[in-house]
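**Q** This is the content of run.txt (compact mmCIF, C-alpha atoms):
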# COMPACT_ATOMS: atom_id res chain seq x y z
CA MET L 755 58.67 85.70 89.22
CA ILE L 756 56.16 88.47 88.66
CA SER L 757 56.98 91.00 86.00
CA LEU L 758 55.59 94.50 86.27
CA LYS L 759 54.09 96.22 83.29
CA LEU L 760 52.53 99.60 82.63
CA PRO L 761 50.05 100.85 83.67
CA TYR L 762 50.68 99.69 87.21
CA SER L 763 47.77 98.31 89.21
CA ALA L 764 47.60 99.27 92.87
CA LEU L 765 45.29 98.40 95.74
CA ILE L 766 44.79 101.55 97.75
CA PRO L 767 42.89 100.83 101.00
CA THR L 768 45.65 102.03 103.34
CA PHE L 769 46.67 104.88 101.05
CA ILE L 770 43.25 106.54 101.42
CA ASN L 771 43.79 107.66 105.02
CA PHE L 772 47.35 108.76 104.24
CA SER L 773 46.13 110.88 101.33
CA ILE L 774 43.41 112.50 103.47
CA ARG L 775 45.82 113.36 106.30
CA ASN L 776 48.35 114.88 103.91
CA LYS L 777 45.75 116.46 101.58
CA LEU L 778 46.94 114.57 98.51
CA ASP L 779 45.05 113.55 95.41
CA ILE L 780 45.42 109.78 95.07
CA CYS L 781 45.85 109.52 91.31
CA SER L 782 48.25 112.41 90.89
CA SER L 783 50.25 111.34 93.96
CA MET L 784 50.70 107.85 92.58
CA LEU L 785 51.88 109.33 89.32
CA ASP L 786 54.38 111.54 91.15
CA CYS L 787 55.62 108.68 93.31
CA LEU L 788 56.00 105.96 90.68
CA TYR L 789 56.75 108.14 87.63
CA ALA L 790 54.30 106.06 85.62
CA LYS L 791 50.59 105.75 84.98
CA CYS L 792 48.78 103.80 87.69
CA THR L 793 45.34 102.29 87.90
CA PRO L 794 44.08 102.48 91.50
CA TYR L 795 41.77 99.67 92.64
CA ILE L 796 39.57 99.26 95.70
CA THR L 797 37.64 96.17 96.73
CA ASP L 798 33.99 95.82 97.65
CA CYS L 799 35.06 94.74 101.14
CA VAL L 800 36.82 98.02 101.81
CA LEU L 801 33.84 100.05 100.59
CA ALA L 802 31.45 97.98 102.72
CA GLU L 803 33.68 98.45 105.75
CA LEU L 804 33.87 102.22 105.22
CA GLU L 805 30.08 102.38 104.93
CA LYS L 806 29.69 100.41 108.18
CA LEU L 807 32.08 102.73 110.05
CA GLY L 808 29.68 105.61 109.60
CA ALA L 809 30.11 109.36 109.78
CA LYS L 810 33.66 109.30 111.13
CA TYR L 811 34.94 107.88 107.82
CA ARG L 812 32.61 109.66 105.39
CA VAL L 813 35.50 111.61 103.80
CA ALA L 814 37.40 108.36 103.20
CA LEU L 815 34.26 106.85 101.68
CA ARG L 816 33.87 109.84 99.37
CA VAL L 817 37.50 109.48 98.26
CA ALA L 818 37.04 105.73 97.74
CA LYS L 819 34.02 106.31 95.51
CA ASP L 820 35.99 108.54 93.16
CA PRO L 821 35.18 107.50 89.55
CA ARG L 822 38.90 107.31 88.72
CA ILE L 823 39.28 104.43 91.19
CA GLU L 824 38.18 101.10 89.80
CA ARG L 825 36.27 98.62 91.94
CA LEU L 826 37.16 94.96 92.25
CA ILE L 827 34.46 92.43 93.03
CA CYS L 828 35.35 90.17 95.93
CA THR L 829 35.15 86.44 95.34
CA HIS L 830 35.86 85.20 98.85
CA LYS L 831 33.21 83.93 101.25
CA ARG L 832 31.74 85.69 104.24
CA ASN L 833 31.86 84.19 107.69
CA VAL L 834 28.83 83.12 109.73
CA ARG L 835 28.07 86.54 111.23
CA GLY L 836 28.18 88.25 107.85
CA ARG L 837 31.47 90.00 108.45
CA LEU L 838 33.98 90.10 105.63
CA PHE L 839 37.39 88.48 105.62
CA GLY L 840 39.50 91.53 104.85
CA ALA L 841 42.85 89.71 104.91
CA ALA L 842 41.64 87.03 102.49
CA CYS L 843 40.28 89.73 100.21
CA HIS L 844 43.57 91.61 100.26
CA ARG L 845 45.61 88.49 99.39
CA THR L 846 43.40 87.42 96.49
CA GLN L 847 43.15 90.91 95.04
CA MET L 848 46.92 91.41 95.29
CA LEU L 849 47.33 88.41 93.01
CA TYR L 850 44.73 89.84 90.63
CA CYS L 851 46.50 93.20 90.44
CA SER L 852 49.94 91.68 89.98
CA TYR L 853 48.90 89.67 86.92
CA GLN L 854 47.08 92.45 85.10
How does this structure look as structure tokens?
**A**
Amino acid sequence: MISLKLPYSALIPTFINFSIRNKLDICSSMLDCLYAKCTPYITDCVLAELEKLGAKYRVALRVAKDPRIERLICTHKRNVRGRLFGAACHRTQMLYCSYQ
């Protein structure tokens, strides 16, 4: 069983687009939603993917590079073509965040 402790750790890749559409600040919105201090995390894979997507996602990239959001270094391997395994990254980083 995983016990939760303050401050909460949260991976935020999917929350970025939601916050842009609804014009929300990520850190203050997490505080309002969870009624507790949260530490938002984003992985290197997500940042690399946003950079590869180009101009269409430049606002999301700017939000992801906010200094209040901490970066997690990915430890998984890349496949043969150099693409990242996003699902593997998400699973391993979820475990990291849950034990912090």
**Q** Within 10 Å of Val817 (chain L), counting all atoms listed in the file, which residues show up once you throw out same-chain ones fewer than 3 positions away? Write them as a PyMOL selection string, please.
**A** chain L and resi 770-771+773-774+779-780+812-814+820-823
**Q** Give me, please, the distance in Å between CA of Leu801 (chain L) and CA of Leu826 (chain L), quoted to one decimal.
**A** 10.3 Å
**Q** Could you tell me how far CA of Pro794 (chain L) sits from CA of Ala764 (chain L), in Å to one decimal place?
**A** 5.0 Å
**Q** CA of Ala802 (chain L) to CA of Cys787 (chain L): how many Å, to one decimal?
**A**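 These two atoms are separated by 28.1 Å.
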**Q** As JSON, please: the centre and edge lengths in Å, to one decimal, of an axis-aligned box enclosing every listed atom of region 803-811 of chain L with 3 Å added on each side.
**A**
{"center_x": 32.3, "center_y": 103.9, "center_z": 108.0, "size_x": 11.3, "size_y": 16.9, "size_z": 12.2}
**Q** Under the rule that all atoms listed in the file are counted, which of L:Ala818, L:Lys791, L:Glu824, L:Lys810 is the nearest residue to Thr768 (chain L)?
**A**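 Of the candidates, the smallest distance to Thr768 (chain L) is held by L:Ala818.
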**Q** For region 758-762 of chain L, work out the shell of residues within 8 Å, counting only C-alpha atoms and skipping chain neighbours fewer than 3 positions away, then give it as a PyMOL selection string.
**A** chain L and resi 790-793+852
**Q** When distances are computed from only C-alpha atoms, which of L:Leu807, L:Val800, L:Leu815, L:Cys828 shows the smallest separation from Pro767 (chain L)?
**A**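 So, comparing all the options, the nearest one is L:Val800.
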